[in-house]
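Colleague: See run_28.txt below, with compact mmCIF, C-alpha atoms and all ligand atoms.
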```
# COMPACT_ATOMS: atom_id res chain seq x y z
CA MET H 1 -107.53 -1.40 -38.83
CA ALA H 2 -109.57 0.66 -41.29
CA GLY H 3 -112.66 -1.53 -40.83
CA LEU H 4 -110.95 -4.73 -41.99
CA PHE H 5 -110.83 -7.68 -39.62
CA VAL H 6 -107.35 -9.13 -39.92
CA ARG H 7 -106.44 -12.45 -38.33
CA LEU H 8 -102.97 -12.81 -36.91
CA LEU H 9 -101.18 -15.91 -35.64
CA LEU H 10 -98.59 -15.48 -32.91
CA LEU H 11 -95.79 -18.05 -32.56
CA GLY H 12 -93.93 -17.97 -29.25
CA ALA H 13 -97.19 -16.88 -27.59
CA ASN H 14 -96.15 -18.03 -24.10
CA GLY H 15 -92.91 -16.06 -24.05
CA MET H 16 -92.24 -12.72 -22.37
CA PHE H 17 -93.17 -10.75 -25.49
CA GLY H 18 -95.85 -13.15 -26.72
CA ARG H 19 -97.98 -12.99 -23.60
CA ASP H 20 -98.21 -9.19 -23.61
CA ALA H 21 -98.38 -8.96 -27.39
CA ALA H 22 -101.51 -11.09 -27.75
CA ALA H 23 -103.49 -8.60 -25.64
CA VAL H 24 -102.09 -5.56 -27.45
CA PHE H 25 -102.79 -7.03 -30.90
CA ALA H 26 -106.36 -7.92 -29.84
CA GLN H 27 -106.88 -4.36 -28.54
CA ALA H 28 -105.59 -3.04 -31.87
CA GLY H 29 -108.40 -4.93 -33.61
CA PHE H 30 -106.65 -8.09 -34.83
CA GLY H 31 -108.17 -11.53 -34.38
CA VAL H 32 -105.37 -13.32 -32.53
CA ALA H 33 -104.56 -17.03 -32.13
CA GLY H 34 -101.33 -18.03 -30.41
CA ALA H 35 -99.19 -21.13 -30.16
CA ASP H 36 -95.99 -22.19 -28.46
CA LEU H 37 -94.15 -25.31 -27.43
CA PRO H 38 -95.14 -28.08 -26.96
CA GLU H 39 -98.20 -27.86 -29.24
CA VAL H 40 -96.39 -26.12 -32.11
CA ASP H 41 -92.64 -26.44 -32.66
CA ILE H 42 -91.40 -23.97 -35.29
CA THR H 43 -88.71 -26.43 -36.37
CA SER H 44 -91.42 -28.89 -37.47
CA ALA H 45 -92.76 -28.09 -40.94
CA SER H 46 -95.80 -30.33 -40.40
CA GLY H 47 -96.48 -28.81 -36.98
CA VAL H 48 -96.35 -25.24 -38.31
CA ALA H 49 -98.43 -26.20 -41.37
CA GLY H 50 -101.06 -27.87 -39.17
CA PHE H 51 -101.41 -24.75 -37.00
CA LEU H 52 -101.58 -22.37 -39.97
CA ASP H 53 -104.14 -24.51 -41.79
CA ALA H 54 -106.33 -24.93 -38.71
CA ASN H 55 -106.32 -21.16 -38.11
CA PRO H 56 -106.78 -19.23 -41.35
CA ALA H 57 -105.09 -15.84 -41.05
CA GLN H 58 -103.39 -13.11 -43.06
CA ILE H 59 -100.40 -12.42 -40.81
CA VAL H 60 -97.99 -14.59 -38.81
CA VAL H 61 -95.87 -13.00 -36.07
CA ASN H 62 -92.86 -15.15 -35.21
CA ALA H 63 -91.69 -14.41 -31.68
CA ALA H 64 -90.60 -18.00 -31.03
CA ALA H 65 -86.87 -18.14 -30.43
CA TYR H 66 -83.94 -19.56 -28.51
CA THR H 67 -83.23 -16.51 -26.33
CA ASN H 68 -80.56 -17.63 -23.87
CA VAL H 69 -77.70 -15.39 -25.06
CA ASP H 70 -75.02 -16.92 -22.82
CA GLY H 71 -76.39 -20.46 -23.28
CA ALA H 72 -76.08 -20.14 -27.06
CA GLU H 73 -72.27 -20.09 -26.78
CA ASP H 74 -72.30 -23.73 -25.63
CA HIS H 75 -75.51 -24.68 -27.48
CA ARG H 76 -74.80 -23.05 -30.81
CA GLU H 77 -76.47 -25.82 -32.83
CA GLU H 78 -79.68 -25.56 -30.81
CA ALA H 79 -79.71 -21.76 -31.19
CA PHE H 80 -79.28 -22.10 -34.98
CA ARG H 81 -81.85 -24.92 -35.15
CA ILE H 82 -84.54 -22.68 -33.64
CA ASN H 83 -83.49 -19.16 -34.66
CA ALA H 84 -82.34 -19.92 -38.21
CA PHE H 85 -83.90 -23.22 -39.33
CA GLY H 86 -87.14 -22.62 -37.35
CA ALA H 87 -87.48 -19.13 -38.84
CA GLU H 88 -86.97 -20.62 -42.31
CA VAL H 89 -89.66 -23.24 -41.69
CA VAL H 90 -92.12 -20.51 -40.67
CA ALA H 91 -91.16 -18.39 -43.70
CA HIS H 92 -91.72 -21.29 -46.11
CA ALA H 93 -95.12 -22.02 -44.54
CA CYS H 94 -96.05 -18.34 -45.00
CA ARG H 95 -94.76 -18.30 -48.59
CA ASP H 96 -96.82 -21.38 -49.50
CA ARG H 97 -99.99 -19.78 -48.08
CA HIS H 98 -99.37 -16.20 -49.30
CA LEU H 99 -99.25 -14.89 -45.73
CA THR H 100 -97.29 -11.91 -44.42
CA LEU H 101 -94.60 -12.74 -41.86
CA VAL H 102 -93.57 -10.39 -39.06
CA HIS H 103 -90.34 -11.72 -37.60
CA ILE H 104 -88.89 -10.42 -34.32
CA SER H 105 -85.14 -9.90 -34.45
CA THR H 106 -82.49 -8.19 -32.40
CA ASP H 107 -79.76 -5.54 -32.18
CA TYR H 108 -77.34 -8.47 -31.77
CA VAL H 109 -77.32 -8.92 -35.57
CA PHE H 110 -74.97 -5.89 -35.54
CA PRO H 111 -71.40 -5.87 -34.25
CA GLY H 112 -72.27 -2.87 -32.07
CA GLU H 113 -69.26 -0.72 -32.85
CA ARG H 114 -71.02 2.43 -34.03
CA GLU H 115 -71.67 5.12 -31.44
CA ALA H 116 -74.21 6.77 -33.76
CA GLY H 117 -76.25 3.55 -33.80
CA TYR H 118 -77.72 1.59 -36.70
CA VAL H 119 -80.67 2.33 -38.98
CA PRO H 120 -82.70 -0.44 -40.67
CA LEU H 121 -80.92 0.01 -44.02
CA ASP H 122 -77.48 -0.60 -42.49
CA PRO H 123 -76.18 -4.02 -43.52
CA PRO H 124 -76.13 -6.27 -40.43
CA GLY H 125 -73.18 -8.35 -39.25
CA PRO H 126 -70.81 -9.57 -38.18
CA PRO H 127 -72.46 -10.46 -34.86
CA VAL H 128 -70.21 -10.75 -31.80
CA ASN H 129 -71.84 -13.86 -30.32
CA ALA H 130 -73.55 -17.13 -31.28
CA TYR H 131 -77.06 -15.91 -30.45
CA GLY H 132 -76.60 -12.88 -32.73
CA ALA H 133 -75.21 -15.12 -35.48
CA SER H 134 -78.22 -17.46 -35.21
CA LYS H 135 -80.67 -14.53 -35.35
CA LEU H 136 -78.86 -13.03 -38.38
CA ALA H 137 -79.02 -16.44 -40.10
CA GLY H 138 -82.78 -16.41 -39.37
CA GLU H 139 -83.17 -12.98 -40.98
CA GLU H 140 -81.23 -14.15 -44.04
CA ALA H 141 -83.29 -17.36 -44.33
CA ILE H 142 -86.62 -15.55 -44.30
CA ARG H 143 -85.43 -12.88 -46.73
CA ALA H 144 -84.45 -15.69 -49.11
CA ALA H 145 -87.80 -17.45 -48.66
CA LEU H 146 -90.25 -14.56 -48.90
CA PRO H 147 -90.78 -11.66 -51.32
CA GLY H 148 -90.16 -8.23 -49.78
CA ASP H 149 -93.84 -7.32 -49.80
CA ARG H 150 -94.66 -10.26 -47.51
CA LEU H 151 -92.09 -9.60 -44.85
CA LEU H 152 -91.55 -7.26 -41.92
CA ILE H 153 -88.48 -7.82 -39.74
CA CYS H 154 -88.84 -5.92 -36.46
CA ARG H 155 -85.55 -5.61 -34.62
CA THR H 156 -85.77 -4.72 -30.97
CA GLN H 157 -83.46 -4.51 -27.95
CA TRP H 158 -83.32 -4.49 -24.13
CA LEU H 159 -86.79 -6.01 -23.88
CA TYR H 160 -88.57 -6.37 -20.56
CA GLY H 161 -92.07 -7.40 -19.54
CA ARG H 162 -93.85 -8.99 -16.64
CA HIS H 163 -93.95 -12.49 -18.11
CA GLY H 164 -90.21 -13.14 -18.24
CA LYS H 165 -86.94 -12.81 -16.39
CA ASN H 166 -85.70 -9.32 -17.17
CA PHE H 167 -83.23 -6.59 -16.21
CA VAL H 168 -85.80 -4.32 -14.54
CA ASP H 169 -86.96 -7.01 -12.12
CA THR H 170 -83.38 -8.15 -11.46
CA ILE H 171 -82.21 -4.62 -10.57
CA ARG H 172 -85.32 -3.89 -8.52
CA GLY H 173 -84.84 -7.14 -6.58
CA LEU H 174 -81.11 -6.55 -5.94
CA ALA H 175 -81.59 -2.88 -5.04
CA ALA H 176 -84.20 -3.78 -2.46
CA SER H 177 -81.63 -5.70 -0.43
CA ARG H 178 -78.32 -3.92 -1.08
CA ALA H 179 -76.83 -0.52 -0.27
CA SER H 180 -74.99 -0.37 -3.60
CA LEU H 181 -74.75 -2.14 -6.94
CA HIS H 182 -72.22 -2.09 -9.78
CA VAL H 183 -73.73 -2.01 -13.26
CA VAL H 184 -72.04 -2.01 -16.68
CA ASP H 185 -71.66 1.52 -18.03
CA ASP H 186 -70.07 0.93 -21.45
CA GLN H 187 -72.87 -0.81 -23.36
CA TRP H 188 -75.56 1.32 -24.96
CA GLY H 189 -79.11 0.55 -26.06
CA VAL H 190 -82.76 1.52 -25.66
CA PRO H 191 -84.98 -0.14 -23.05
CA THR H 192 -88.13 -1.50 -24.69
CA HIS H 193 -91.26 -2.67 -22.94
CA THR H 194 -92.97 -5.70 -24.49
CA ALA H 195 -96.32 -3.91 -24.83
CA GLU H 196 -94.62 -0.94 -26.54
CA LEU H 197 -92.97 -3.30 -29.03
CA ALA H 198 -96.35 -4.90 -29.76
CA ARG H 199 -98.00 -1.48 -30.11
CA GLN H 200 -95.36 -0.39 -32.64
CA ILE H 201 -95.78 -3.62 -34.63
CA ALA H 202 -99.57 -3.19 -34.71
CA ARG H 203 -99.07 0.39 -35.94
CA LEU H 204 -96.60 -0.67 -38.66
CA LEU H 205 -99.03 -3.35 -39.83
CA ALA H 206 -101.86 -0.83 -39.96
CA LEU H 207 -99.62 1.40 -42.11
CA GLY H 208 -98.76 -1.53 -44.40
CA ALA H 209 -95.03 -1.29 -43.58
CA ARG H 210 -92.74 -3.97 -45.02
CA GLY H 211 -89.00 -4.63 -44.95
CA VAL H 212 -86.98 -3.94 -41.82
CA ALA H 213 -88.04 -1.72 -38.92
CA HIS H 214 -86.29 -0.82 -35.70
CA THR H 215 -88.93 -1.04 -33.00
CA VAL H 216 -87.59 0.18 -29.67
CA GLY H 217 -88.65 2.56 -26.92
CA GLY H 218 -88.38 6.30 -27.58
CA GLY H 219 -86.02 8.75 -25.91
CA GLY H 220 -82.61 7.63 -27.18
CA PRO H 221 -79.96 5.28 -25.89
CA VAL H 222 -78.58 4.87 -22.37
CA THR H 223 -76.12 2.54 -20.69
CA TRP H 224 -77.23 -0.35 -18.47
CA CYS H 225 -75.95 1.71 -15.53
CA THR H 226 -78.12 4.73 -16.41
CA PHE H 227 -81.08 2.42 -16.95
CA ALA H 228 -80.48 0.80 -13.55
CA ARG H 229 -80.25 4.21 -11.87
CA GLU H 230 -83.61 5.14 -13.36
CA ILE H 231 -85.18 1.87 -12.19
CA VAL H 232 -83.89 2.40 -8.66
CA ALA H 233 -84.97 6.06 -8.58
CA LEU H 234 -88.45 5.44 -10.00
CA ALA H 235 -88.94 2.49 -7.64
CA GLY H 236 -87.94 4.77 -4.74
CA LEU H 237 -85.16 2.47 -3.49
CA PRO H 238 -82.23 3.88 -1.46
CA CYS H 239 -79.54 1.96 -3.36
CA GLU H 240 -76.49 3.57 -4.97
CA VAL H 241 -75.83 2.40 -8.53
CA LEU H 242 -72.14 2.56 -9.41
CA PRO H 243 -70.64 2.26 -12.91
CA CYS H 244 -68.36 -0.59 -13.95
CA SER H 245 -66.85 -1.80 -17.23
CA SER H 246 -67.89 -4.87 -19.24
CA GLU H 247 -64.50 -6.38 -18.34
CA ALA H 248 -65.42 -6.19 -14.64
CA PHE H 249 -68.55 -8.25 -15.32
CA PRO H 250 -67.45 -11.05 -17.68
CA ARG H 251 -70.18 -13.16 -19.33
CA PRO H 252 -69.88 -16.27 -21.53
CA ALA H 253 -71.20 -14.33 -24.56
CA LYS H 254 -69.61 -11.06 -25.67
CA ARG H 255 -72.12 -8.17 -25.90
CA PRO H 256 -72.21 -5.43 -28.57
CA ARG H 257 -71.17 -2.07 -27.05
CA HIS H 258 -72.97 0.38 -29.30
CA ALA H 259 -75.97 -1.28 -30.90
CA TRP H 260 -78.53 1.51 -30.56
CA LEU H 261 -81.33 0.67 -32.98
CA ARG H 262 -82.28 3.97 -34.59
CA SER H 263 -85.30 4.48 -36.74
CA ASP H 264 -85.08 6.14 -40.15
CA VAL H 265 -88.76 7.06 -40.17
CA PRO H 266 -90.43 9.36 -37.63
CA ALA H 267 -91.21 6.81 -34.94
CA ASP H 268 -94.26 7.20 -32.78
CA ALA H 269 -92.37 5.59 -29.91
CA ARG H 270 -93.36 6.09 -26.28
CA PRO H 271 -90.35 7.42 -24.32
CA TRP H 272 -88.76 4.48 -22.52
CA ARG H 273 -88.90 6.28 -19.12
CA GLU H 274 -92.69 6.58 -19.40
CA SER H 275 -93.01 2.88 -20.19
CA LEU H 276 -90.68 2.02 -17.31
CA LEU H 277 -92.69 4.08 -14.83
CA ALA H 278 -95.92 2.44 -16.00
CA TYR H 279 -94.30 -1.01 -15.69
CA LEU H 280 -93.08 -0.33 -12.15
CA LYS H 281 -96.62 0.67 -11.18
CA GLU H 282 -98.24 -2.40 -12.80
CA PRO H 283 -99.68 -4.79 -10.27
CA GLY H 284 -97.81 -8.10 -10.46
CA SER H 285 -94.84 -6.71 -12.42
N1 LIG H 301 -85.54 -10.50 -24.47
C1 LIG H 301 -84.82 -9.55 -25.11
O1 LIG H 301 -84.14 -8.71 -24.48
C2 LIG H 301 -84.84 -9.49 -26.61
C3 LIG H 301 -84.08 -8.48 -27.23
C4 LIG H 301 -84.09 -8.40 -28.62
C5 LIG H 301 -84.85 -9.29 -29.36
N2 LIG H 301 -85.57 -10.27 -28.74
C6 LIG H 301 -86.35 -11.18 -29.58
O2 LIG H 301 -87.73 -11.01 -29.22
C7 LIG H 301 -88.43 -12.25 -29.44
C8 LIG H 301 -89.22 -12.60 -28.18
O3 LIG H 301 -88.30 -12.73 -27.11
P1 LIG H 301 -88.76 -13.02 -25.61
O4 LIG H 301 -87.88 -12.22 -24.74
O5 LIG H 301 -90.23 -12.94 -25.50
O6 LIG H 301 -88.29 -14.54 -25.50
P2 LIG H 301 -88.88 -15.75 -24.64
O7 LIG H 301 -89.55 -15.23 -23.41
O8 LIG H 301 -87.76 -16.72 -24.51
O9 LIG H 301 -90.00 -16.32 -25.60
C9 LIG H 301 -89.71 -17.14 -26.70
C10 LIG H 301 -90.78 -18.21 -26.75
O10 LIG H 301 -90.48 -19.07 -27.85
C11 LIG H 301 -90.66 -20.40 -27.41
N3 LIG H 301 -89.90 -21.35 -28.23
C12 LIG H 301 -88.62 -21.71 -28.12
N4 LIG H 301 -88.31 -22.64 -29.05
C13 LIG H 301 -89.45 -22.85 -29.76
C14 LIG H 301 -89.77 -23.71 -30.83
N5 LIG H 301 -88.88 -24.55 -31.38
N6 LIG H 301 -91.04 -23.68 -31.31
C15 LIG H 301 -91.96 -22.86 -30.78
N7 LIG H 301 -91.72 -22.03 -29.76
C16 LIG H 301 -90.47 -22.03 -29.24
C17 LIG H 301 -90.18 -20.37 -25.98
O11 LIG H 301 -90.60 -21.53 -25.28
P3 LIG H 301 -89.67 -22.12 -24.10
O12 LIG H 301 -89.62 -21.04 -23.06
O13 LIG H 301 -90.40 -23.35 -23.69
O14 LIG H 301 -88.33 -22.38 -24.72
C18 LIG H 301 -90.81 -19.08 -25.48
O15 LIG H 301 -92.13 -19.29 -25.05
C19 LIG H 301 -87.35 -13.26 -29.85
O16 LIG H 301 -87.32 -13.34 -31.24
C20 LIG H 301 -86.07 -12.65 -29.36
O17 LIG H 301 -84.96 -13.10 -30.12
C21 LIG H 301 -85.59 -10.38 -27.38
```
Could you quickly redo this structure as structure tokens?
Modeller:
Amino acid sequence: MAGLFVRLLLLGANGMFGRDAAAVFAQAGFGVAGADLPEVDITSASGVAGFLDANPAQIVVNAAAYTNVDGAEDHREEAFRINAFGAEVVAHACRDRHLTLVHISTDYVFPGEREAGYVPLDPPGPPVNAYGASKLAGEEAIRAALPGDRLLICRTQWLYGRHGKNFVDTIRGLAASRASLHVVDDQWGVPTHTAELARQIARLLALGARGVAHTVGGGGPVTWCTFAREIVALAGLPCEVLPCSSEAFPRPAKRPRHAWLRSDVPADARPWRESLLAYLKEPGS
């Protein structure tokens, strides 16, 4: 960090990303303080203000979110309350204190109809599900609240890490007890490890980046089926992974098909296969 000691506050610190991110940010030289429910609720202006005032900092990273994609279809108001209104509350608190806000967002702000993927300058929307709509409303609220030089929106996708329920663990668990598995082969994205996302954010902050960044694993997009095959192969499991269509695996929330988050700057992203191999070797993952 060029010799400067920068303090960073992490909201959503107990989540899958937050728990790995705190360690990565500290290793990168930031002074880190974290908060999560129940002590700080991002939808409470006084709660957020109290935390920010008790912990003077230069940067706030908002990773707090309603993340149940299927649940958001039936709990749309709750998803918007946290992902849109909560994000706005955090943005206003940052604006009032002249802090920089890093906000974690998602590929689901895009409709996911473009095989070539999306770059940060592409206009988002319309999302195909309630979660995506709530996250897009959050992006819009913080853009309205903060000047461009105080804001970094980091969109990511297909996130996994050892502190949350995730696709890698699900496939590894199923493959350990089955001879074959069917996995969706018509949705594309880039697997992203939580620590890699945090590393990219720390790097962007060190470079003084602002605006919108696409922060995903390196190596280009794959389908869930290809990703599952790689998990099974790298874990050394004798399970056959067979392709199926999204229609064969209906979910309450529609998923974007082609929402590859591309970067428009040379990204120093670790190839997703390398991160996956490291994750599978991690004790306790
Ligand atoms: N997981 C993915 O595949 C993925 C993909 C793209 C983008 N993202 C984005 O990445 C970020 C981190 O996701 P994640 O996977 O780490 O999610 P997560 O594990 O669900 O973590 C989110 C954290 O926020 C907390 N939270 C919820 N409502 C809150 C509130 N009102 N005030 C304060 N904290 C609150 C949650 O607490 P409770 O658990 O108690 O609710 C949880 O600890 C989110 O912005 C998410 O939208 C995730």
Colleague: In terms of the shortest atom-to-atom distance over all atoms listed in the file, which of H:Trp158, H:Phe5, H:Trp272, H:Phe110 is closest to ligand LIG 301 (chain H)?
Modeller: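 That would be H:Trp158, the residue with the smallest distance to ligand LIG 301 (chain H).
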Colleague: Pick out the residues no farther than 7 Å from ligand LIG 301 (chain H), counting all atoms listed in the file, and list them as an MDAnalysis selection string.
Modeller: chainID H and resid 11:18 36:37 40:43 63:67 82 86 104:107 135 155:160 164
Colleague: Which one is closest to Pro191 in chain H: H:Gly148, H:Gly236, H:Gly125, H:Gly219? Count only C-alpha atoms.
Modeller: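 With only C-alpha atoms as the atom set, the closest residue is H:Gly219.
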Colleague: For Ala57 in chain H, which residue out of H:Pro271, H:Glu77, H:Leu121, H:Cys94 is the nearest one, using all atoms listed in the file?
Modeller: H:Cys94
Colleague: Give me, please, the distance in Å between CA of Ala209 in chain H and CA of Arg19 in chain H, quoted to one decimal.
Modeller: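 That distance, rounded to one decimal, is 23.3 Å.
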Colleague: What does the distance between CA of Ala269 in chain H and CA of Ile201 in chain H come to in Å, to one decimal place?
Modeller: 10.9 Å
Colleague: H:Thr223, H:Thr192, H:Gln58, H:Gln187: which is nearest Gly112 in chain H, counting only C-alpha atoms?
Modeller: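 Distance minimum relative to Gly112 in chain H lands on H:Gln187.
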Colleague: In Å, rounded to a single decimal, give me how far CA of Thr215 in chain H is from CA of Glu230 in chain H.
Modeller: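 Result for CA of Glu230 in chain H versus CA of Thr215 in chain H: 21.3 Å, one decimal.
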Colleague: So which one's closest to Asp74 in chain H, H:Gly284, H:Gly132, H:Pro252, H:Gly50? Using only C-alpha atoms, please.
Modeller: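 Checking each of H:Gly284, H:Gly132, H:Pro252, H:Gly50 against Asp74 in chain H, counting only C-alpha atoms, the winner is H:Pro252.
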Colleague: Within 8 Å of Val102 in chain H, counting only C-alpha atoms, which residues show up once you throw out same-chain ones fewer than 3 positions away? Write them as a list in words, please.
Modeller: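 Everything that qualifies: Ile59, Val60, Val61, Asn62, Leu151, Leu152, Ile153 and Cys154 of chain H.
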Colleague: May I have the residues within 8 Å of Val24 in chain H as an mmCIF file with C-alpha atoms, keeping the file's coordinate frame, using all atoms listed in the file and disregarding those fewer than 2 positions away in the same chain?
Modeller:
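This is the output file out-v9.cif:
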```cif
data_model
loop_
_atom_site.group_PDB
_atom_site.id
_atom_site.type_symbol
_atom_site.label_atom_id
_atom_site.label_comp_id
_atom_site.auth_asym_id
_atom_site.auth_seq_id
_atom_site.Cartn_x
_atom_site.Cartn_y
_atom_site.Cartn_z
ATOM 1 C CA ASP H 20 -98.210 -9.190 -23.610
ATOM 2 C CA ALA H 21 -98.380 -8.960 -27.390
ATOM 3 C CA ALA H 22 -101.510 -11.090 -27.750
ATOM 4 C CA ALA H 26 -106.360 -7.920 -29.840
ATOM 5 C CA GLN H 27 -106.880 -4.360 -28.540
ATOM 6 C CA ALA H 28 -105.590 -3.040 -31.870
ATOM 7 C CA ALA H 195 -96.320 -3.910 -24.830
ATOM 8 C CA ALA H 198 -96.350 -4.900 -29.760
ATOM 9 C CA ARG H 199 -98.000 -1.480 -30.110
#
```
Colleague: Within 12 Å of (-86.6, 0.5, -11.3) (coordinates as in the file), grab all the protein and nucleic acid residues, counting only C-alpha atoms, and write them out as an MDAnalysis selection string.
Modeller: chainID H and resid 160 166:176 191 224:239 241 273:281 285
Colleague: I'd like to know which of H:Leu207, H:Ala91, H:Val212, H:Ala253 is closest to Glu73 in chain H, using only C-alpha atoms.
Modeller: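 Nearest to Glu73 in chain H: H:Ala253.
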Colleague: Set the distance at 12 Å and use only C-alpha atoms: which residues neighbour Glu247 in chain H once local chain neighbours fewer than 6 positions away are removed? I'd like the list as a PyMOL selection string.
Modeller: chain H and resi 183-187+254-255+257
Colleague: I'd like the neighbourhood of Gly31 in chain H as an NGL selection string, where a residue qualifies if any of its atoms comes within 8 Å (using only C-alpha atoms), though same-chain residues fewer than 6 positions away should be ignored.
Modeller: :H and (5-8 or 25)
